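As provided, my_file_30.cif (mmCIF, C-alpha atoms and all ligand atoms) reads as follows.
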data_model
loop_
_atom_site.label_atom_id
_atom_site.label_comp_id
_atom_site.auth_asym_id
_atom_site.auth_seq_id
_atom_site.Cartn_x
_atom_site.Cartn_y
_atom_site.Cartn_z
CA MET A 1 -10.64 11.24 11.71
CA THR A 2 -12.71 9.57 14.40
CA LEU A 3 -11.41 9.16 17.96
CA VAL A 4 -11.05 5.40 17.40
CA GLN A 5 -9.02 6.01 14.23
CA PHE A 6 -6.87 8.57 16.07
CA LEU A 7 -6.16 6.17 18.95
CA TRP A 8 -5.43 3.34 16.54
CA ARG A 9 -2.91 5.50 14.69
CA GLN A 10 -1.23 6.42 18.00
CA TYR A 11 -1.03 2.74 18.91
CA ILE A 12 0.48 1.82 15.50
CA ARG A 13 3.02 4.65 15.87
CA LEU A 14 4.10 3.40 19.29
CA LYS A 15 4.33 -0.15 18.01
CA ASN A 16 6.46 0.89 15.01
CA PRO A 17 8.90 3.47 16.40
CA THR A 18 11.16 3.51 13.31
CA CYS A 19 8.24 4.36 11.01
CA THR A 20 6.86 7.81 10.16
CA ILE A 21 3.13 7.38 10.01
CA HIS A 22 1.06 10.47 9.21
CA ALA A 23 -1.79 8.62 7.52
CA TYR A 24 -5.22 10.05 8.32
CA ALA A 25 -6.57 6.52 8.55
CA LEU A 26 -5.07 3.06 8.88
CA SER A 27 -6.83 -0.26 8.77
CA LYS A 28 -6.48 -2.76 11.60
CA GLN A 29 -4.81 -5.34 9.40
CA VAL A 30 -1.61 -3.48 8.43
CA LYS A 31 1.80 -5.02 9.19
CA PHE A 32 4.60 -2.47 9.04
CA ASP A 33 8.22 -3.37 8.59
CA LYS A 34 10.86 -0.87 9.76
CA HIS A 35 11.39 2.69 8.49
CA VAL A 36 8.15 2.87 6.53
CA THR A 37 6.79 6.36 5.77
CA ILE A 38 3.10 7.09 5.18
CA GLU A 39 2.63 10.77 4.38
CA PRO A 40 -0.31 12.97 5.44
CA GLY A 41 -3.74 12.67 3.92
CA THR A 42 -3.26 9.02 3.02
CA TYR A 43 -5.71 6.23 3.73
CA PHE A 44 -3.62 3.11 4.17
CA ALA A 45 -5.06 -0.38 4.41
CA ALA A 46 -2.52 -2.69 2.73
CA LYS A 47 -2.01 -5.92 4.65
CA LYS A 48 1.78 -5.61 4.62
CA ILE A 49 4.38 -3.00 3.73
CA GLY A 50 8.11 -3.72 3.60
CA LYS A 51 11.08 -1.90 5.08
CA TYR A 52 12.03 1.59 3.90
CA SER A 53 9.01 1.85 1.59
CA PHE A 54 7.19 5.17 1.46
CA ILE A 55 3.92 6.47 0.12
CA GLY A 56 3.23 10.12 -0.65
CA ILE A 57 0.53 12.53 0.41
CA ASN A 58 -3.17 12.14 -0.40
CA SER A 59 -2.97 8.52 -1.47
CA TYR A 60 -5.45 5.68 -1.12
CA VAL A 61 -4.30 2.10 -0.58
CA ASP A 62 -7.22 -0.31 -0.47
CA LYS A 63 -7.44 -3.27 1.90
CA SER A 64 -7.26 -5.57 -1.11
CA THR A 65 -3.56 -4.71 -1.39
CA ALA A 66 -2.01 -7.98 -0.22
CA SER A 67 1.50 -6.61 0.05
CA ILE A 68 3.89 -3.82 -0.85
CA GLY A 69 7.52 -4.92 -0.90
CA ASN A 70 10.70 -3.45 0.54
CA PHE A 71 12.25 -0.17 -0.70
CA CYS A 72 9.21 0.92 -2.72
CA SER A 73 8.82 4.61 -3.64
CA ILE A 74 5.18 5.51 -4.15
CA ALA A 75 4.61 9.16 -5.02
CA MET A 76 1.70 11.43 -4.12
CA ASN A 77 -1.93 10.82 -5.07
CA ALA A 78 -1.51 7.09 -5.66
CA LYS A 79 -4.69 5.06 -5.81
CA ILE A 80 -3.78 1.45 -5.22
CA SER A 81 -6.00 -1.61 -5.74
CA LEU A 82 -9.27 -0.02 -6.82
CA GLN A 83 -12.03 -2.62 -6.74
CA ASN A 84 -14.84 -3.06 -9.23
CA HIS A 85 -18.54 -2.94 -8.55
CA PRO A 86 -20.84 -5.48 -10.24
CA HIS A 87 -21.43 -4.66 -13.93
CA GLU A 88 -24.30 -6.96 -14.80
CA TRP A 89 -26.60 -6.58 -11.84
CA VAL A 90 -29.56 -4.21 -11.71
CA THR A 91 -27.45 -1.89 -9.58
CA THR A 92 -23.75 -1.16 -9.37
CA HIS A 93 -24.21 0.34 -5.87
CA PRO A 94 -22.68 -1.79 -3.07
CA PHE A 95 -25.82 -1.79 -0.87
CA THR A 96 -26.38 -5.37 -2.05
CA TYR A 97 -23.14 -6.60 -0.44
CA ARG A 98 -21.93 -4.01 2.08
CA LYS A 99 -23.58 -4.12 5.47
CA LYS A 100 -23.04 -0.43 6.24
CA TYR A 101 -26.00 0.52 4.02
CA GLY A 102 -28.33 -1.59 6.17
CA PHE A 103 -29.78 -3.96 3.57
CA VAL A 104 -27.56 -6.99 4.31
CA LYS A 105 -26.39 -8.18 7.73
CA GLU A 106 -22.81 -9.10 6.76
CA ASN A 107 -20.32 -7.96 4.15
CA ILE A 108 -20.40 -10.36 1.23
CA ASN A 109 -17.41 -11.12 -0.99
CA ILE A 110 -18.35 -11.49 -4.64
CA GLU A 111 -15.94 -13.54 -6.66
CA GLY A 112 -14.40 -11.51 -9.46
CA VAL A 113 -15.86 -8.25 -8.15
CA ASN A 114 -14.36 -7.41 -4.78
CA THR A 115 -12.04 -10.33 -4.07
CA LYS A 116 -9.07 -9.45 -6.29
CA GLN A 117 -5.77 -8.90 -4.48
CA THR A 118 -3.01 -6.57 -5.60
CA VAL A 119 0.68 -7.29 -5.05
CA ILE A 120 3.48 -4.74 -5.39
CA GLY A 121 7.00 -6.15 -5.49
CA ASN A 122 10.25 -4.76 -4.09
CA ASP A 123 12.01 -1.58 -5.22
CA VAL A 124 9.00 -0.54 -7.29
CA TRP A 125 8.83 3.18 -8.13
CA ILE A 126 5.32 4.48 -8.73
CA GLY A 127 5.22 8.05 -10.09
CA ALA A 128 2.76 10.74 -9.05
CA ASN A 129 -1.01 10.35 -9.64
CA VAL A 130 -0.93 6.67 -10.58
CA THR A 131 -3.98 4.44 -10.37
CA VAL A 132 -3.55 0.68 -9.96
CA LEU A 133 -6.64 -1.46 -10.46
CA ALA A 134 -7.28 -4.40 -8.12
CA GLY A 135 -5.85 -7.80 -8.98
CA VAL A 136 -2.64 -6.57 -10.54
CA THR A 137 0.88 -7.76 -9.71
CA ILE A 138 3.70 -5.27 -10.19
CA GLY A 139 7.08 -7.00 -10.49
CA ASN A 140 10.26 -6.10 -8.60
CA GLY A 141 12.11 -3.04 -9.83
CA ALA A 142 9.31 -1.81 -12.11
CA ILE A 143 8.78 1.90 -12.77
CA ILE A 144 5.28 3.27 -13.35
CA GLY A 145 5.27 6.69 -15.05
CA ALA A 146 3.38 9.66 -13.62
CA ASN A 147 -0.40 9.74 -14.29
CA SER A 148 -0.53 6.13 -15.48
CA LEU A 149 -3.37 3.70 -15.03
CA VAL A 150 -2.19 0.14 -14.38
CA SER A 151 -4.80 -2.40 -15.42
CA LYS A 152 -2.61 -5.46 -16.08
CA ASP A 153 0.38 -7.17 -14.47
CA ILE A 154 3.65 -5.30 -14.87
CA GLU A 155 6.85 -7.20 -15.53
CA PRO A 156 9.87 -6.88 -13.25
CA TYR A 157 12.32 -4.12 -14.20
CA SER A 158 10.04 -2.73 -16.90
CA ILE A 159 9.22 0.97 -17.32
CA VAL A 160 5.58 1.54 -18.20
CA SER A 161 3.46 4.63 -18.66
CA GLY A 162 0.14 5.89 -19.97
CA THR A 163 -3.53 5.01 -19.68
CA PRO A 164 -3.61 2.05 -19.82
CA ALA A 165 0.05 1.64 -18.90
CA ARG A 166 2.16 0.24 -21.75
CA LEU A 167 5.75 -0.89 -21.87
CA VAL A 168 8.21 1.93 -22.60
CA ARG A 169 11.29 -0.28 -22.22
CA TYR A 170 13.11 -2.55 -19.78
CA ARG A 171 15.55 -1.01 -17.36
CA PHE A 172 18.25 -3.58 -18.08
CA ASP A 173 18.96 -6.52 -20.38
CA GLU A 174 17.48 -9.91 -19.51
CA GLU A 175 20.65 -11.29 -17.93
CA THR A 176 21.12 -8.26 -15.70
CA ILE A 177 17.50 -8.40 -14.58
CA ALA A 178 17.87 -12.09 -13.72
CA LYS A 179 21.01 -11.42 -11.69
CA ILE A 180 19.53 -8.50 -9.75
CA GLN A 181 16.38 -10.50 -9.06
CA ALA A 182 18.43 -13.47 -7.86
CA SER A 183 20.44 -11.25 -5.50
CA GLN A 184 17.25 -10.24 -3.66
CA TRP A 185 19.26 -7.34 -2.29
CA TRP A 186 16.09 -5.83 -0.82
CA ASN A 187 16.18 -8.60 1.79
CA TRP A 188 19.81 -8.00 2.77
CA GLU A 189 20.62 -6.87 6.27
CA ASP A 190 21.23 -3.12 6.56
CA LYS A 191 24.90 -3.80 7.35
CA LYS A 192 25.37 -5.60 4.04
CA ILE A 193 23.61 -2.80 2.14
CA GLN A 194 25.80 -0.24 3.91
CA ALA A 195 28.96 -2.18 3.06
CA ASN A 196 27.94 -2.27 -0.61
CA LEU A 197 26.44 1.21 -0.80
CA SER A 198 28.54 2.55 -3.68
CA LYS A 199 27.50 -0.40 -5.88
CA PHE A 200 23.84 0.58 -5.78
CA SER A 201 24.65 3.46 -8.09
CA ASN A 202 26.98 1.40 -10.27
CA THR A 203 25.18 -1.55 -11.83
CA GLU A 204 28.33 -3.08 -13.32
CA ALA A 205 30.12 -3.07 -9.95
CA PHE A 206 27.00 -4.48 -8.28
CA LEU A 207 26.82 -7.38 -10.74
CA LYS A 208 30.52 -8.09 -10.30
CA SER A 209 30.19 -8.16 -6.53
CA ILE A 210 27.32 -10.67 -6.57
CA SER A 211 28.74 -13.01 -9.22
C1 LIG B 1 8.21 7.06 -16.80
C2 LIG B 1 9.46 7.87 -16.54
C3 LIG B 1 10.23 7.30 -15.37
C4 LIG B 1 10.28 7.75 -17.83
O1 LIG B 1 11.40 8.55 -17.74
P1 LIG B 1 12.51 8.48 -18.91
O2 LIG B 1 13.10 7.13 -18.94
O3 LIG B 1 13.46 9.60 -18.71
O4 LIG B 1 11.62 8.61 -20.21
P2 LIG B 1 11.67 9.67 -21.36
O5 LIG B 1 11.56 11.05 -20.79
O6 LIG B 1 12.86 9.33 -22.20
O7 LIG B 1 10.33 9.37 -22.13
C5 LIG B 1 10.17 8.30 -23.01
C6 LIG B 1 8.87 8.50 -23.73
O8 LIG B 1 7.77 8.25 -22.85
C7 LIG B 1 6.96 9.43 -22.68
N1 LIG B 1 6.61 9.51 -21.26
C8 LIG B 1 7.46 9.69 -20.22
N2 LIG B 1 6.78 9.66 -19.06
C9 LIG B 1 5.50 9.48 -19.38
C10 LIG B 1 4.32 9.38 -18.59
N3 LIG B 1 4.36 9.45 -17.28
N4 LIG B 1 3.16 9.16 -19.25
C11 LIG B 1 3.11 9.08 -20.61
N5 LIG B 1 4.20 9.15 -21.38
C12 LIG B 1 5.37 9.37 -20.78
C13 LIG B 1 7.85 10.58 -23.14
O9 LIG B 1 7.11 11.67 -23.58
C14 LIG B 1 8.64 9.92 -24.25
O10 LIG B 1 7.82 9.83 -25.37
P3 LIG B 1 8.43 9.86 -26.88
O11 LIG B 1 9.28 8.62 -27.00
O12 LIG B 1 7.23 9.87 -27.76
O13 LIG B 1 9.25 11.12 -26.96
C15 LIG B 1 9.16 9.38 -16.23
O14 LIG B 1 8.78 10.07 -17.37
C16 LIG B 1 8.10 9.55 -15.14
O15 LIG B 1 6.89 9.53 -15.36
N6 LIG B 1 8.59 9.73 -13.89
C17 LIG B 1 7.78 9.86 -12.71
C18 LIG B 1 8.09 11.18 -11.98
C19 LIG B 1 7.33 11.27 -10.70
O16 LIG B 1 6.12 11.14 -10.67
N7 LIG B 1 8.06 11.48 -9.61
C20 LIG B 1 7.47 11.50 -8.30
C21 LIG B 1 8.56 11.53 -7.25
S1 LIG B 1 8.62 10.03 -6.28
#

Represent the structure from my file as structure tokens, please.
Amino acid sequence: MTLVQFLWRQYIRLKNPTCTIHAYALSKQVKFDKHVTIEPGTYFAAKKIGKYSFIGINSYVDKSTASIGNFCSIAMNAKISLQNHPHEWVTTHPFTYRKKYGFVKENINIEGVNTKQTVIGNDVWIGANVTVLAGVTIGNGAIIGANSLVSKDIEPYSIVSGTPARLVRYRFDEETIAKIQASQWWNWEDKKIQANLSKFSNTEAFLKSIS
């Protein structure tokens, strides 16, 4: 970690006192909501991460991650929003569009190559060692099995696994999913969550209370 990166991390920690930020590097663009945890060894450059979300050790979250929602559980060794390099040019190396190699004066965005944005919804659980390619949207409440590679959008409240990740099943029936989505409980005030705590482990009681 460079001195600048160290000082930046200290500044972000002071600015976000409810968060636990052990990342070895953070980009300048990150917006943290409260009680976010970034574990050691993680490079974190998402633009936004919601309240109570956490990401495990040794992960990589690219700057093309537009947002990570509230209450997300992202396990160790996640690789989020991996960008492509050009396939059909003479070279796949980024010296043709990244200024750090000294051949071009400015970074250049190439449509369809390094401009895709990744969005992770609320209450998404990503198992250990998962890779998510850039440009994917993962719906609210989805579960991604350990060691999966996500190359396409993932539907809300689906469980997927494998390389590439395929649907295992949905967590609930369609009606239940619609009701939980409509409740948007992940945006509730903490007081309301606390008052309804027992219902979070009892889906039937939760649905009754919101109907
Ligand atoms: C995806 C997951 C949630 C599914 O759990 P589950 O609902 O109990 O699923 P099951 O164990 O009934 O498995 C269903 C099928 O999917 C397979 N499967 C389960 N997880 C898999 C994975 N990660 N990759 C590939 N296949 C998987 C099972 O072998 C089983 O196959 P079968 O039908 O041929 O027997 C779980 O297996 C998983 O990967 N959890 C992540 C654990 C983790 O990384 N935790 C980190 C802590 S935050």

Task: Residue nearest Cys72 of chain A - candidates A:Asp123, A:Gly50, A:Tyr60, A:Thr91, atoms counted: all atoms listed in the file - done: A:Asp123

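Computed from the coordinates, the atom C9 of ligand LIG 1 (chain B) to atom CA of Ala146 of chain A distance equals 6.1 Å.
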
Enumerate as an mmCIF file with C-alpha atoms, in the frame of the given file the residues within 8 Å of ligand LIG 1 (chain B), counting only C-alpha atoms and all ligand atoms.
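result-v6.cif was written with the following content:
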data_model
loop_
_atom_site.group_PDB
_atom_site.id
_atom_site.type_symbol
_atom_site.label_atom_id
_atom_site.label_comp_id
_atom_site.auth_asym_id
_atom_site.auth_seq_id
_atom_site.Cartn_x
_atom_site.Cartn_y
_atom_site.Cartn_z
ATOM 1 C CA GLY A 56 3.230 10.120 -0.650
ATOM 2 C CA SER A 73 8.820 4.610 -3.640
ATOM 3 C CA ILE A 74 5.180 5.510 -4.150
ATOM 4 C CA ALA A 75 4.610 9.160 -5.020
ATOM 5 C CA MET A 76 1.700 11.430 -4.120
ATOM 6 C CA TRP A 125 8.830 3.180 -8.130
ATOM 7 C CA ILE A 126 5.320 4.480 -8.730
ATOM 8 C CA GLY A 127 5.220 8.050 -10.090
ATOM 9 C CA ALA A 128 2.760 10.740 -9.050
ATOM 10 C CA ASN A 129 -1.010 10.350 -9.640
ATOM 11 C CA ILE A 143 8.780 1.900 -12.770
ATOM 12 C CA ILE A 144 5.280 3.270 -13.350
ATOM 13 C CA GLY A 145 5.270 6.690 -15.050
ATOM 14 C CA ALA A 146 3.380 9.660 -13.620
ATOM 15 C CA ASN A 147 -0.400 9.740 -14.290
ATOM 16 C CA SER A 148 -0.530 6.130 -15.480
ATOM 17 C CA ILE A 159 9.220 0.970 -17.320
ATOM 18 C CA VAL A 160 5.580 1.540 -18.200
ATOM 19 C CA SER A 161 3.460 4.630 -18.660
ATOM 20 C CA GLY A 162 0.140 5.890 -19.970
ATOM 21 C CA THR A 163 -3.530 5.010 -19.680
ATOM 22 C CA VAL A 168 8.210 1.930 -22.600
#

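Distance check against Leu82 of chain A using all atoms listed in the file: of A:Leu7, A:Leu149, A:Leu197, A:Ile55, the minimum falls on A:Leu149.
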